[in-house]
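Asks: What follows is the file start_12.json, containing JSON, C-alpha atoms:
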```json
[["chain", "number", "residue", "atom", "x", "y", "z"],
["A", 11, "MET", "CA", 0.00, 0.00, 0.00],
["A", 12, "PHE", "CA", 2.78, 2.39, 0.95],
["A", 13, "LEU", "CA", 4.96, 2.03, -2.15],
["A", 14, "ARG", "CA", 2.06, 2.35, -4.56],
["A", 15, "HIS", "CA", 1.23, 5.88, -3.46],
["A", 16, "PRO", "CA", 4.42, 7.98, -3.51],
["A", 17, "GLU", "CA", 2.41, 11.22, -3.92],
["A", 18, "LEU", "CA", 0.35, 10.49, -0.79],
["A", 19, "ILE", "CA", 3.57, 9.85, 1.13],
["A", 20, "ARG", "CA", 5.09, 13.07, -0.19],
["A", 21, "ASP", "CA", 2.09, 15.16, 0.92],
["A", 22, "ALA", "CA", 1.71, 13.33, 4.23],
["A", 23, "SER", "CA", 5.40, 13.69, 5.07],
["A", 24, "LEU", "CA", 4.97, 17.46, 5.46],
["A", 25, "VAL", "CA", 2.20, 16.89, 7.98],
["A", 26, "TRP", "CA", 4.43, 14.33, 9.73],
["A", 27, "LEU", "CA", 7.32, 16.80, 9.87],
["A", 28, "ALA", "CA", 5.16, 19.58, 11.33],
["A", 29, "SER", "CA", 3.52, 17.18, 13.81],
["A", 30, "GLY", "CA", 6.90, 15.82, 14.85],
["A", 31, "VAL", "CA", 8.10, 19.30, 15.76],
["A", 32, "VAL", "CA", 4.86, 20.03, 17.63],
["A", 33, "GLY", "CA", 5.34, 16.70, 19.43],
["A", 34, "VAL", "CA", 8.84, 17.78, 20.47],
["A", 35, "SER", "CA", 7.40, 20.98, 21.90],
["A", 36, "PHE", "CA", 4.67, 19.05, 23.74],
["A", 37, "GLY", "CA", 7.25, 16.77, 25.39],
["A", 38, "ALA", "CA", 9.43, 19.75, 26.28],
["A", 39, "ILE", "CA", 6.55, 21.80, 27.73],
["A", 40, "ALA", "CA", 5.35, 18.93, 29.90],
["A", 41, "VAL", "CA", 8.79, 18.11, 31.29],
["A", 42, "THR", "CA", 9.96, 21.70, 31.84],
["A", 43, "GLY", "CA", 6.61, 22.29, 33.60],
["A", 44, "GLY", "CA", 7.60, 19.67, 36.18],
["A", 45, "LEU", "CA", 6.04, 16.40, 34.97],
["A", 46, "PRO", "CA", 8.23, 13.26, 34.83],
["A", 47, "VAL", "CA", 9.40, 12.13, 31.35],
["A", 48, "TRP", "CA", 7.07, 9.11, 31.22],
["A", 49, "VAL", "CA", 3.88, 11.20, 31.60],
["A", 50, "PRO", "CA", 3.97, 12.97, 28.19],
["A", 51, "VAL", "CA", 5.44, 9.85, 26.54],
["A", 52, "VAL", "CA", 2.78, 7.41, 27.79],
["A", 53, "MET", "CA", 0.03, 9.99, 27.31],
["A", 54, "SER", "CA", 0.97, 10.44, 23.65],
["A", 55, "LEU", "CA", 0.83, 6.70, 23.05],
["A", 56, "VAL", "CA", -2.51, 6.02, 24.75],
["A", 57, "VAL", "CA", -4.41, 9.30, 24.25],
["A", 58, "TYR", "CA", -2.81, 10.28, 20.92],
["A", 59, "ALA", "CA", -4.62, 13.59, 20.35],
["A", 60, "GLY", "CA", -2.44, 16.67, 20.15],
["A", 61, "SER", "CA", -4.86, 19.42, 21.13],
["A", 62, "ALA", "CA", -6.38, 17.37, 23.97],
["A", 63, "GLN", "CA", -2.90, 16.52, 25.30],
["A", 64, "PHE", "CA", -1.79, 20.16, 25.29],
["A", 65, "SER", "CA", -5.00, 21.21, 27.06],
["A", 66, "ALA", "CA", -4.93, 18.43, 29.67],
["A", 67, "VAL", "CA", -1.27, 19.07, 30.52],
["A", 68, "GLY", "CA", -1.95, 22.82, 30.54],
["A", 69, "VAL", "CA", -4.74, 22.34, 33.10],
["A", 70, "LEU", "CA", -2.50, 20.05, 35.19],
["A", 71, "LEU", "CA", 0.44, 22.46, 35.18],
["A", 72, "ALA", "CA", -1.87, 25.35, 36.05],
["A", 73, "GLY", "CA", -2.99, 23.40, 39.13],
["A", 74, "GLY", "CA", -6.48, 22.68, 37.78],
["A", 75, "GLY", "CA", -6.48, 19.10, 39.03],
["A", 76, "PRO", "CA", -6.72, 15.76, 37.17],
["A", 77, "PHE", "CA", -10.52, 15.75, 36.89],
["A", 78, "ALA", "CA", -10.62, 19.12, 35.12],
["A", 79, "ALA", "CA", -7.69, 18.02, 32.94],
["A", 80, "ALA", "CA", -9.47, 14.84, 31.79],
["A", 81, "ALA", "CA", -12.77, 16.67, 31.25],
["A", 82, "THR", "CA", -11.11, 19.36, 29.11],
["A", 83, "GLY", "CA", -9.35, 16.76, 26.96],
["A", 84, "LEU", "CA", -12.49, 14.67, 26.53],
["A", 85, "LEU", "CA", -14.56, 17.71, 25.54],
["A", 86, "LEU", "CA", -11.99, 18.51, 22.85],
["A", 87, "ASN", "CA", -12.11, 14.95, 21.55],
["A", 88, "THR", "CA", -15.90, 14.62, 21.21],
["A", 89, "ARG", "CA", -15.49, 15.71, 17.58],
["A", 90, "THR", "CA", -13.72, 12.41, 16.86],
["A", 91, "VAL", "CA", -17.12, 10.66, 17.08],
["A", 92, "ALA", "CA", -18.25, 12.47, 13.94],
["A", 93, "PHE", "CA", -14.85, 11.97, 12.31],
["A", 94, "SER", "CA", -14.79, 8.23, 13.02],
["A", 95, "LEU", "CA", -18.23, 7.86, 11.42],
["A", 96, "ALA", "CA", -17.09, 9.84, 8.38],
["A", 97, "VAL", "CA", -14.01, 7.66, 7.72],
["A", 98, "ALA", "CA", -15.42, 4.29, 8.89],
["A", 99, "GLU", "CA", -15.58, 3.06, 5.28],
["A", 100, "SER", "CA", -11.88, 3.86, 4.75],
["A", 101, "ILE", "CA", -10.80, 2.09, 7.95],
["A", 102, "GLY", "CA", -12.21, -1.23, 6.73],
["A", 103, "ARG", "CA", -14.19, -4.11, 8.21],
["A", 104, "GLY", "CA", -11.62, -6.51, 9.68],
["A", 105, "ARG", "CA", -11.66, -6.70, 13.47],
["A", 106, "LEU", "CA", -8.00, -5.67, 13.76],
["A", 107, "ALA", "CA", -8.44, -2.86, 11.23],
["A", 108, "ARG", "CA", -11.38, -1.48, 13.21],
["A", 109, "LEU", "CA", -9.53, -1.64, 16.54],
["A", 110, "LEU", "CA", -6.26, -0.15, 15.24],
["A", 111, "GLY", "CA", -7.82, 2.28, 12.78],
["A", 112, "ALA", "CA", -10.01, 3.84, 15.49],
["A", 113, "HIS", "CA", -6.91, 4.93, 17.39],
["A", 114, "LEU", "CA", -5.55, 6.67, 14.26],
["A", 115, "VAL", "CA", -8.61, 8.93, 13.78],
["A", 116, "THR", "CA", -7.23, 12.49, 14.02],
["A", 117, "ASP", "CA", -8.06, 15.82, 12.36],
["A", 118, "GLU", "CA", -5.19, 15.34, 9.92],
["A", 119, "THR", "CA", -5.91, 11.72, 8.88],
["A", 120, "VAL", "CA", -9.61, 12.49, 8.38],
["A", 121, "ALA", "CA", -8.84, 15.56, 6.28],
["A", 122, "PHE", "CA", -6.34, 13.53, 4.24],
["A", 123, "ALA", "CA", -8.77, 10.68, 3.62],
["A", 124, "LEU", "CA", -11.76, 12.89, 2.77],
["A", 125, "ALA", "CA", -9.67, 14.90, 0.30],
["A", 126, "GLN", "CA", -9.34, 11.80, -1.94],
["A", 127, "THR", "CA", -12.09, 11.02, -4.43],
["A", 128, "ASP", "CA", -12.14, 7.24, -4.88],
["A", 129, "PRO", "CA", -12.58, 4.75, -2.00],
["A", 130, "ALA", "CA", -9.29, 2.89, -2.56],
["A", 131, "ARG", "CA", -7.28, 6.09, -2.41],
["A", 132, "ARG", "CA", -9.23, 7.20, 0.65],
["A", 133, "ARG", "CA", -8.27, 4.02, 2.43],
["A", 134, "ALA", "CA", -4.61, 4.35, 1.42],
["A", 135, "ALA", "CA", -4.56, 8.00, 2.49],
["A", 136, "PHE", "CA", -6.08, 7.21, 5.88],
["A", 137, "TRP", "CA", -3.67, 4.40, 6.71],
["A", 138, "ILE", "CA", -0.52, 5.98, 5.24],
["A", 139, "SER", "CA", -1.04, 9.34, 6.95],
["A", 140, "GLY", "CA", -2.29, 7.66, 10.14],
["A", 141, "VAL", "CA", 0.53, 5.15, 10.71],
["A", 142, "GLY", "CA", 3.21, 7.70, 9.82],
["A", 143, "LEU", "CA", 1.66, 10.38, 12.02],
["A", 144, "PHE", "CA", 1.47, 8.02, 15.00],
["A", 145, "ALA", "CA", 5.15, 7.07, 14.63],
["A", 146, "VAL", "CA", 6.44, 10.60, 14.12],
["A", 147, "TRP", "CA", 4.26, 12.21, 16.81],
["A", 148, "ASN", "CA", 5.37, 9.76, 19.48],
["A", 149, "ALA", "CA", 9.03, 9.91, 18.45],
["A", 150, "GLY", "CA", 8.82, 13.71, 18.62],
["A", 151, "VAL", "CA", 7.25, 13.70, 22.10],
["A", 152, "LEU", "CA", 9.94, 11.31, 23.39],
["A", 153, "LEU", "CA", 12.68, 13.49, 21.93],
["A", 154, "GLY", "CA", 11.17, 16.65, 23.42],
["A", 155, "ALA", "CA", 10.68, 15.07, 26.84],
["A", 156, "LEU", "CA", 14.35, 14.00, 26.89],
["A", 157, "ALA", "CA", 15.76, 17.22, 25.43],
["A", 158, "GLY", "CA", 13.66, 19.61, 27.50],
["A", 159, "SER", "CA", 13.38, 23.17, 26.20],
["A", 160, "ALA", "CA", 16.45, 23.07, 23.91],
["A", 161, "LEU", "CA", 14.31, 23.64, 20.79],
["A", 162, "GLY", "CA", 13.22, 27.15, 21.75],
["A", 163, "ASP", "CA", 10.04, 28.86, 20.57],
["A", 164, "THR", "CA", 8.46, 26.92, 17.67],
["A", 165, "GLY", "CA", 6.47, 30.04, 16.77],
["A", 166, "THR", "CA", 9.64, 31.38, 15.12],
["A", 167, "TYR", "CA", 9.26, 28.79, 12.33],
["A", 168, "GLY", "CA", 5.63, 29.71, 11.64],
["A", 169, "LEU", "CA", 4.50, 26.17, 12.44],
["A", 170, "ASP", "CA", 1.29, 27.40, 14.03],
["A", 171, "ALA", "CA", 0.24, 28.63, 10.57],
["A", 172, "ALA", "CA", 1.13, 25.31, 8.90],
["A", 173, "PHE", "CA", -1.71, 23.33, 10.51],
["A", 174, "PRO", "CA", -4.60, 25.60, 9.52],
["A", 175, "ALA", "CA", -3.01, 25.80, 6.03],
["A", 176, "VAL", "CA", -2.92, 21.99, 5.78],
["A", 177, "LEU", "CA", -6.64, 21.93, 6.54],
["A", 178, "VAL", "CA", -7.34, 24.70, 4.00],
["A", 179, "ALA", "CA", -5.57, 22.74, 1.27],
["A", 180, "LEU", "CA", -7.46, 19.55, 2.14],
["A", 181, "VAL", "CA", -11.00, 20.95, 2.45],
["A", 182, "LEU", "CA", -10.84, 23.43, -0.44],
["A", 183, "PRO", "CA", -11.80, 20.90, -3.16],
["A", 184, "ALA", "CA", -14.99, 19.97, -1.24],
["A", 185, "LEU", "CA", -15.81, 23.65, -0.64],
["A", 186, "ARG", "CA", -15.27, 24.50, -4.31],
["A", 187, "THR", "CA", -17.55, 21.85, -5.74],
["A", 188, "ASP", "CA", -20.37, 21.65, -3.18],
["A", 189, "SER", "CA", -22.32, 24.83, -2.41],
["A", 190, "ALA", "CA", -24.39, 23.19, 0.37],
["A", 191, "VAL", "CA", -21.21, 22.11, 2.20],
["A", 192, "ARG", "CA", -19.71, 25.54, 1.55],
["A", 193, "ARG", "CA", -22.53, 27.57, 3.11],
["A", 194, "SER", "CA", -22.79, 25.15, 6.07],
["A", 195, "ALA", "CA", -19.04, 25.36, 6.70],
["A", 196, "LEU", "CA", -18.92, 29.16, 6.45],
["A", 197, "LEU", "CA", -21.87, 29.59, 8.85],
["A", 198, "GLY", "CA", -20.35, 26.99, 11.19],
["A", 199, "ALA", "CA", -16.94, 28.68, 11.22],
["A", 200, "ALA", "CA", -18.55, 32.08, 11.89],
["A", 201, "LEU", "CA", -20.54, 30.64, 14.82],
["A", 202, "ALA", "CA", -17.41, 28.93, 16.22],
["A", 203, "LEU", "CA", -15.41, 32.17, 16.06],
["A", 204, "ALA", "CA", -18.26, 34.15, 17.64],
["A", 205, "VAL", "CA", -18.51, 31.91, 20.72],
["A", 206, "THR", "CA", -14.75, 31.28, 21.17],
["A", 207, "PRO", "CA", -14.13, 34.06, 23.76],
["A", 208, "ALA", "CA", -17.09, 32.92, 25.89],
["A", 209, "VAL", "CA", -16.93, 29.11, 26.10],
["A", 210, "PRO", "CA", -14.36, 26.41, 27.10],
["A", 211, "ALA", "CA", -11.93, 25.04, 24.47],
["A", 212, "GLY", "CA", -13.53, 22.32, 22.36],
["A", 213, "VAL", "CA", -17.05, 23.79, 22.45],
["A", 214, "PRO", "CA", -16.67, 26.26, 19.52],
["A", 215, "VAL", "CA", -16.02, 23.48, 17.01],
["A", 216, "LEU", "CA", -19.07, 21.57, 18.23],
["A", 217, "VAL", "CA", -21.19, 24.72, 17.94],
["A", 218, "ALA", "CA", -20.07, 24.86, 14.28],
["A", 219, "LEU", "CA", -22.18, 21.78, 13.53],
["A", 220, "ALA", "CA", -25.23, 24.07, 13.82],
["A", 221, "GLY", "CA", -24.08, 25.33, 10.41],
["A", 222, "LEU", "CA", -25.62, 22.14, 8.97],
["A", 223, "ALA", "CA", -29.00, 23.82, 9.51],
["A", 224, "VAL", "CA", -28.50, 25.56, 6.14],
["A", 225, "TYR", "CA", -27.32, 22.37, 4.40],
["A", 226, "GLY", "CA", -30.71, 21.91, 2.74],
["A", 227, "ARG", "CA", -32.62, 18.86, 1.57],
["A", 228, "ARG", "CA", -31.19, 18.08, -1.84],
["A", 229, "ARG", "CA", -29.69, 14.83, -3.11],
["A", 230, "THR", "CA", -31.67, 12.17, -1.27],
["A", 231, "ALA", "CA", -30.03, 9.31, -3.16],
["B", 9, "MET", "CA", 0.98, 10.68, 40.78],
["B", 10, "ASN", "CA", -1.86, 8.15, 40.98],
["B", 11, "ALA", "CA", -4.31, 10.94, 40.16],
["B", 12, "THR", "CA", -2.27, 11.76, 37.02],
["B", 13, "VAL", "CA", -2.38, 8.11, 35.94],
["B", 14, "ALA", "CA", -6.15, 8.05, 36.49],
["B", 15, "MET", "CA", -6.49, 11.23, 34.43],
["B", 16, "MET", "CA", -4.48, 9.77, 31.55],
["B", 17, "LEU", "CA", -6.46, 6.54, 31.64],
["B", 18, "ALA", "CA", -9.82, 8.34, 31.68],
["B", 19, "LEU", "CA", -8.76, 10.54, 28.78],
["B", 20, "ALA", "CA", -7.32, 7.59, 26.84],
["B", 21, "VAL", "CA", -10.32, 5.30, 27.33],
["B", 22, "GLY", "CA", -12.86, 8.06, 26.66],
["B", 23, "THR", "CA", -11.06, 9.22, 23.52],
["B", 24, "TYR", "CA", -10.72, 5.67, 22.20],
["B", 25, "ALA", "CA", -14.44, 5.06, 22.82],
["B", 26, "PHE", "CA", -15.30, 8.20, 20.80],
["B", 27, "ARG", "CA", -13.06, 7.05, 17.96],
["B", 28, "LEU", "CA", -14.41, 3.51, 17.95],
["B", 29, "VAL", "CA", -18.02, 4.61, 17.31],
["B", 30, "GLY", "CA", -17.58, 4.83, 13.53],
["B", 31, "PRO", "CA", -15.50, 1.68, 12.90],
["B", 32, "ALA", "CA", -17.62, -0.37, 15.35],
["B", 33, "LEU", "CA", -20.93, 0.57, 13.74],
["B", 34, "HIS", "CA", -19.71, 0.33, 10.15],
["B", 35, "GLY", "CA", -21.37, -2.50, 8.23],
["B", 36, "ARG", "CA", -23.48, -3.49, 11.25],
["B", 37, "VAL", "CA", -25.85, -0.56, 11.54],
["B", 38, "GLU", "CA", -27.13, 0.70, 8.20],
["B", 39, "LEU", "CA", -27.34, 4.47, 8.39],
["B", 40, "PRO", "CA", -29.88, 6.15, 6.10],
["B", 41, "ALA", "CA", -28.32, 7.82, 3.04],
["B", 42, "ARG", "CA", -29.43, 11.21, 4.35],
["B", 43, "VAL", "CA", -27.56, 10.67, 7.64],
["B", 44, "GLN", "CA", -24.41, 9.55, 5.82],
["B", 45, "GLU", "CA", -24.55, 12.63, 3.62],
["B", 46, "LEU", "CA", -24.91, 14.86, 6.70],
["B", 47, "LEU", "CA", -21.98, 13.07, 8.38],
["B", 48, "SER", "CA", -19.65, 13.75, 5.45],
["B", 49, "ALA", "CA", -20.78, 17.38, 5.34],
["B", 50, "GLY", "CA", -20.46, 17.58, 9.14],
["B", 51, "ALA", "CA", -16.84, 16.40, 9.01],
["B", 52, "ILE", "CA", -15.99, 19.18, 6.55],
["B", 53, "VAL", "CA", -17.89, 21.71, 8.72],
["B", 54, "LEU", "CA", -15.83, 20.59, 11.76],
["B", 55, "LEU", "CA", -12.54, 20.82, 9.83],
["B", 56, "VAL", "CA", -13.35, 24.32, 8.54],
["B", 57, "ALA", "CA", -14.29, 25.45, 12.07],
["B", 58, "LEU", "CA", -11.00, 23.97, 13.35],
["B", 59, "LEU", "CA", -8.97, 25.80, 10.73],
["B", 60, "ALA", "CA", -10.82, 29.09, 11.32],
["B", 61, "THR", "CA", -10.44, 29.01, 15.11],
["B", 62, "GLY", "CA", -6.89, 27.65, 14.77],
["B", 63, "ALA", "CA", -5.90, 30.43, 12.36],
["B", 64, "LEU", "CA", -7.46, 33.32, 14.27],
["B", 65, "THR", "CA", -7.60, 32.48, 17.96],
["B", 66, "GLU", "CA", -5.27, 31.41, 20.75],
["B", 67, "GLY", "CA", -6.50, 30.69, 24.28],
["B", 68, "GLY", "CA", -9.89, 32.35, 23.65],
["B", 69, "GLY", "CA", -8.39, 35.59, 22.25],
["B", 70, "PHE", "CA", -6.98, 36.89, 18.97],
["B", 71, "ALA", "CA", -3.86, 35.00, 17.81],
["B", 72, "GLY", "CA", -2.11, 38.10, 16.40],
["B", 73, "TRP", "CA", -1.66, 39.05, 12.72],
["B", 74, "ALA", "CA", 1.29, 36.86, 11.67],
["B", 75, "ARG", "CA", -0.54, 33.53, 11.89],
["B", 76, "PRO", "CA", -3.78, 34.42, 10.02],
["B", 77, "ALA", "CA", -1.72, 36.28, 7.40],
["B", 78, "GLY", "CA", 0.35, 33.12, 6.81],
["B", 79, "VAL", "CA", -2.78, 30.96, 6.60],
["B", 80, "LEU", "CA", -4.24, 33.46, 4.10],
["B", 81, "VAL", "CA", -1.10, 33.10, 1.94],
["B", 82, "GLY", "CA", -1.57, 29.32, 2.12],
["B", 83, "GLY", "CA", -5.26, 29.71, 1.22],
["B", 84, "VAL", "CA", -4.49, 31.84, -1.84],
["B", 85, "LEU", "CA", -1.86, 29.33, -2.97],
["B", 86, "ALA", "CA", -4.37, 26.48, -2.51],
["B", 87, "TRP", "CA", -7.00, 28.44, -4.44],
["B", 88, "LEU", "CA", -4.49, 28.79, -7.32],
["B", 89, "ARG", "CA", -4.09, 25.00, -7.16],
["B", 90, "ALA", "CA", -0.47, 25.16, -6.03],
["B", 91, "PRO", "CA", 1.00, 21.81, -4.90],
["B", 92, "PHE", "CA", 0.32, 20.84, -1.28],
["B", 93, "VAL", "CA", 4.00, 21.30, -0.38],
["B", 94, "VAL", "CA", 3.96, 24.89, -1.65],
["B", 95, "VAL", "CA", 0.74, 25.69, 0.28],
["B", 96, "VAL", "CA", 2.07, 24.45, 3.62],
["B", 97, "LEU", "CA", 5.61, 25.83, 3.31],
["B", 98, "GLY", "CA", 4.23, 29.11, 1.94],
["B", 99, "ALA", "CA", 1.97, 29.56, 4.99],
["B", 100, "ALA", "CA", 4.66, 28.69, 7.54],
["B", 101, "GLY", "CA", 7.26, 30.75, 5.66],
["B", 102, "ALA", "CA", 5.06, 33.85, 5.47],
["B", 103, "THR", "CA", 4.28, 33.68, 9.19],
["B", 104, "ALA", "CA", 7.95, 33.11, 10.09],
["B", 105, "LEU", "CA", 8.95, 36.02, 7.85],
["B", 106, "LEU", "CA", 6.38, 38.37, 9.44],
["B", 107, "ARG", "CA", 7.58, 37.40, 12.93],
["B", 108, "ALA", "CA", 11.21, 37.92, 11.88],
["B", 109, "VAL", "CA", 10.39, 41.54, 10.92],
["B", 110, "GLY", "CA", 8.54, 42.11, 14.18],
["B", 111, "VAL", "CA", 4.86, 41.43, 13.41],
["B", 112, "ALA", "CA", 3.37, 39.36, 16.24]]
```
Can you turn what I pasted into structure tokens?

Replies:
Amino acid sequence: MFLRHPELIRDASLVWLASGVVGVSFGAIAVTGGLPVWVPVVMSLVVYAGSAQFSAVGVLLAGGGPFAAAATGLLLNTRTVAFSLAVAESIGRGRLARLLGAHLVTDETVAFALAQTDPARRRAAFWISGVGLFAVWNAGVLLGALAGSALGDTGTYGLDAAFPAVLVALVLPALRTDSAVRRSALLGAALALAVTPAVPAGVPVLVALAGLAVYGRRRTA
Amino acid sequence: MNATVAMMLALAVGTYAFRLVGPALHGRVELPARVQELLSAGAIVLLVALLATGALTEGGGFAGWARPAGVLVGGVLAWLRAPFVVVVLGAAGATALLRAVGVA
């Protein structure tokens, strides 16, 4: 599967590179904040969700307590329910594929899979980007936890702009061709931005789903 | 430290349960075509909301000008059908460049 799709690997490798560096910064932040090395390392393996990990560790380091940390992370990850339903076809039907594939459902793998048009390419995109991302993310976190804050401020490299840009590139084809998706997404994004200052992290994106109200009733196949 | 382990376990188990919903139901529960269509559209709506909040906000406030400007450069490049590599490096490069000249 991997060797037959060099262009998928080429595109995914940029996401891997950016994620790896973010992983390094996650490991470094957790350890320099006072957590033992194994906490960010084990967390990345078993939770495997960048934004939820940053938030949970942030709450912990701010003295918010483990319950608040877990609740914040879980709230951020509720969106993966919708994502897992959207890519279920690409994950496959074998028992092992279902169990392993579920763990690889992230914003990036879903965006990568949904950007492909035919089912076979969707499946390849999901698994290639997913397996690579898991490996690179965890290697990055381990490196960061061991190296501490040697990397410096990742903002200097503009990495924080790379992730939204990755998503732009991946959703643009769907937005171009489908006006119902486009108006739902624009309304949803506007609603999410409007509520961001007032609600906990994770809620704005869920509020965006209200944008589906203007999706309409066409195409009942 | 036991509380930290419990936190990680709760977060790990809860997150995995969320992610397993789709793969576990697939092929066993037949969703109506209308629901499947809404799910695909919903995933795109979520991704667009993620990119909008990720580009513009940080910790509930404005993220500063450098990041959204970089994302905008990436968006224009994507609109012009530039290769994926160019879109991503263009966005990061523009933001890094703005920060290097003192734009937050």

Asks: Tell me, in Å to one decimal, how far atom CA of Leu39 of chain B is from atom CA of Leu54 of chain B.

Replies: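 Between atom CA of Leu39 of chain B and atom CA of Leu54 of chain B the gap is 20.1 Å.
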
Asks: Find the residue from B:Ala14, B:Ala49, B:Ala71, B:Leu58 that sits nearest to Ser61 of chain A; use only C-alpha atoms when measuring.

Replies: B:Leu58

Asks: Scan for residues within 6 Å of the point (2.7, 37.9, 15.6) in the coordinates of the file, using all atoms listed in the file, and reply as a list in words.

Replies: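 Applying the cut-off with all atoms listed in the file, one gets Gly72, Trp73, Ala74, Arg107, Val111 and Ala112 of chain B.
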
Asks: Based on only C-alpha atoms, which of the residues in chain B come within 7 Å of chain A? I want them as a PyMOL selection string.

Replies: chain B and resi 11-12+15-16+18-20+22-24+26-32+34+41-42+47-63+68-69+75+78-79+82-83+86+92-93+95-96+99-101+103-104+107

Asks: Would you work out the distance separating atom CA of Ile39 of chain A from atom CA of Leu27 of chain A, expressed in Å to one decimal?

Replies: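 About the pair atom CA of Ile39 of chain A and atom CA of Leu27 of chain A: they are 18.6 Å apart.
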
Asks: Quick check, in Å to one decimal: how far apart do atom CA of Val109 of chain B and atom CA of Leu64 of chain B lie?

Replies: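 Those two atoms sit 19.9 Å apart.
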
Asks: Kindly compute an axis-aligned box around the listed atoms of segment 125-141 of chain A, allowing 8 Å on each side, and express its centre and edge lengths in Å to one decimal as lines of an AutoDock Vina configuration file.

Replies:
```
center_x = -6.0
center_y = 8.9
center_z = 2.9
size_x = 29.1
size_y = 28.0
size_z = 31.6
```

Asks: If I put a ball of radius 10 Å at (8.3, 13.1, 22.5) in the file's coordinates, which residues poke into it when counting all atoms listed in the file, written as a PyMOL selection string?

Replies: chain A and resi 30-38+40+47-48+50-52+54-55+146-158

Asks: Would you put the residues from that selection into a file with C-alpha atoms, as a compact mmCIF listing (two decimals), in the frame of the given file?

Replies:
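Once written, again_6.txt looks like this:
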```txt
# COMPACT_ATOMS: atom_id res chain seq x y z
CA GLY A 30 6.90 15.82 14.85
CA VAL A 31 8.10 19.30 15.76
CA VAL A 32 4.86 20.03 17.63
CA GLY A 33 5.34 16.70 19.43
CA VAL A 34 8.84 17.78 20.47
CA SER A 35 7.40 20.98 21.90
CA PHE A 36 4.67 19.05 23.74
CA GLY A 37 7.25 16.77 25.39
CA ALA A 38 9.43 19.75 26.28
CA ALA A 40 5.35 18.93 29.90
CA VAL A 47 9.40 12.13 31.35
CA TRP A 48 7.07 9.11 31.22
CA PRO A 50 3.97 12.97 28.19
CA VAL A 51 5.44 9.85 26.54
CA VAL A 52 2.78 7.41 27.79
CA SER A 54 0.97 10.44 23.65
CA LEU A 55 0.83 6.70 23.05
CA VAL A 146 6.44 10.60 14.12
CA TRP A 147 4.26 12.21 16.81
CA ASN A 148 5.37 9.76 19.48
CA ALA A 149 9.03 9.91 18.45
CA GLY A 150 8.82 13.71 18.62
CA VAL A 151 7.25 13.70 22.10
CA LEU A 152 9.94 11.31 23.39
CA LEU A 153 12.68 13.49 21.93
CA GLY A 154 11.17 16.65 23.42
CA ALA A 155 10.68 15.07 26.84
CA LEU A 156 14.35 14.00 26.89
CA ALA A 157 15.76 17.22 25.43
CA GLY A 158 13.66 19.61 27.50
```

Asks: Nearest residue to Ala145 of chain A out of A:Gly44, A:Ser29, A:Arg132, A:Gly74, using all atoms listed in the file?

Replies: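 Closest candidate: A:Ser29.
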
Asks: Name the residues in contact with Leu18 of chain A at a cut-off of 10 Å, using only C-alpha atoms, excluding same-chain residues fewer than 2 positions from it; report them as a list in words.

Replies: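 Counting only C-alpha atoms, the residues come to Phe12, Leu13, Arg14, His15, Pro16, Arg20, Asp21, Ala22, Ser23, Phe122, Gln126, Arg131, Ala134, Ala135, Phe136, Ile138 and Ser139 of chain A.
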
Asks: Keeping only C-alpha atoms, write those residues as a PDB file, keeping the file's coordinate frame.

Replies:
```pdb
ATOM      1  CA  PHE A  12       2.780   2.390   0.950  1.00  0.00           C
ATOM      2  CA  LEU A  13       4.960   2.030  -2.150  1.00  0.00           C
ATOM      3  CA  ARG A  14       2.060   2.350  -4.560  1.00  0.00           C
ATOM      4  CA  HIS A  15       1.230   5.880  -3.460  1.00  0.00           C
ATOM      5  CA  PRO A  16       4.420   7.980  -3.510  1.00  0.00           C
ATOM      6  CA  ARG A  20       5.090  13.070  -0.190  1.00  0.00           C
ATOM      7  CA  ASP A  21       2.090  15.160   0.920  1.00  0.00           C
ATOM      8  CA  ALA A  22       1.710  13.330   4.230  1.00  0.00           C
ATOM      9  CA  SER A  23       5.400  13.690   5.070  1.00  0.00           C
ATOM     10  CA  PHE A 122      -6.340  13.530   4.240  1.00  0.00           C
ATOM     11  CA  GLN A 126      -9.340  11.800  -1.940  1.00  0.00           C
ATOM     12  CA  ARG A 131      -7.280   6.090  -2.410  1.00  0.00           C
ATOM     13  CA  ALA A 134      -4.610   4.350   1.420  1.00  0.00           C
ATOM     14  CA  ALA A 135      -4.560   8.000   2.490  1.00  0.00           C
ATOM     15  CA  PHE A 136      -6.080   7.210   5.880  1.00  0.00           C
ATOM     16  CA  ILE A 138      -0.520   5.980   5.240  1.00  0.00           C
ATOM     17  CA  SER A 139      -1.040   9.340   6.950  1.00  0.00           C
TER      18      SER A 139
END
```

Asks: Using all atoms listed in the file, pick whichever of A:Val224, A:Val213, A:Gly142, A:Phe64 has the shortest atom-to-atom distance to Ser189 of chain A.

Replies: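 Smallest distance to Ser189 of chain A is found for A:Val224.
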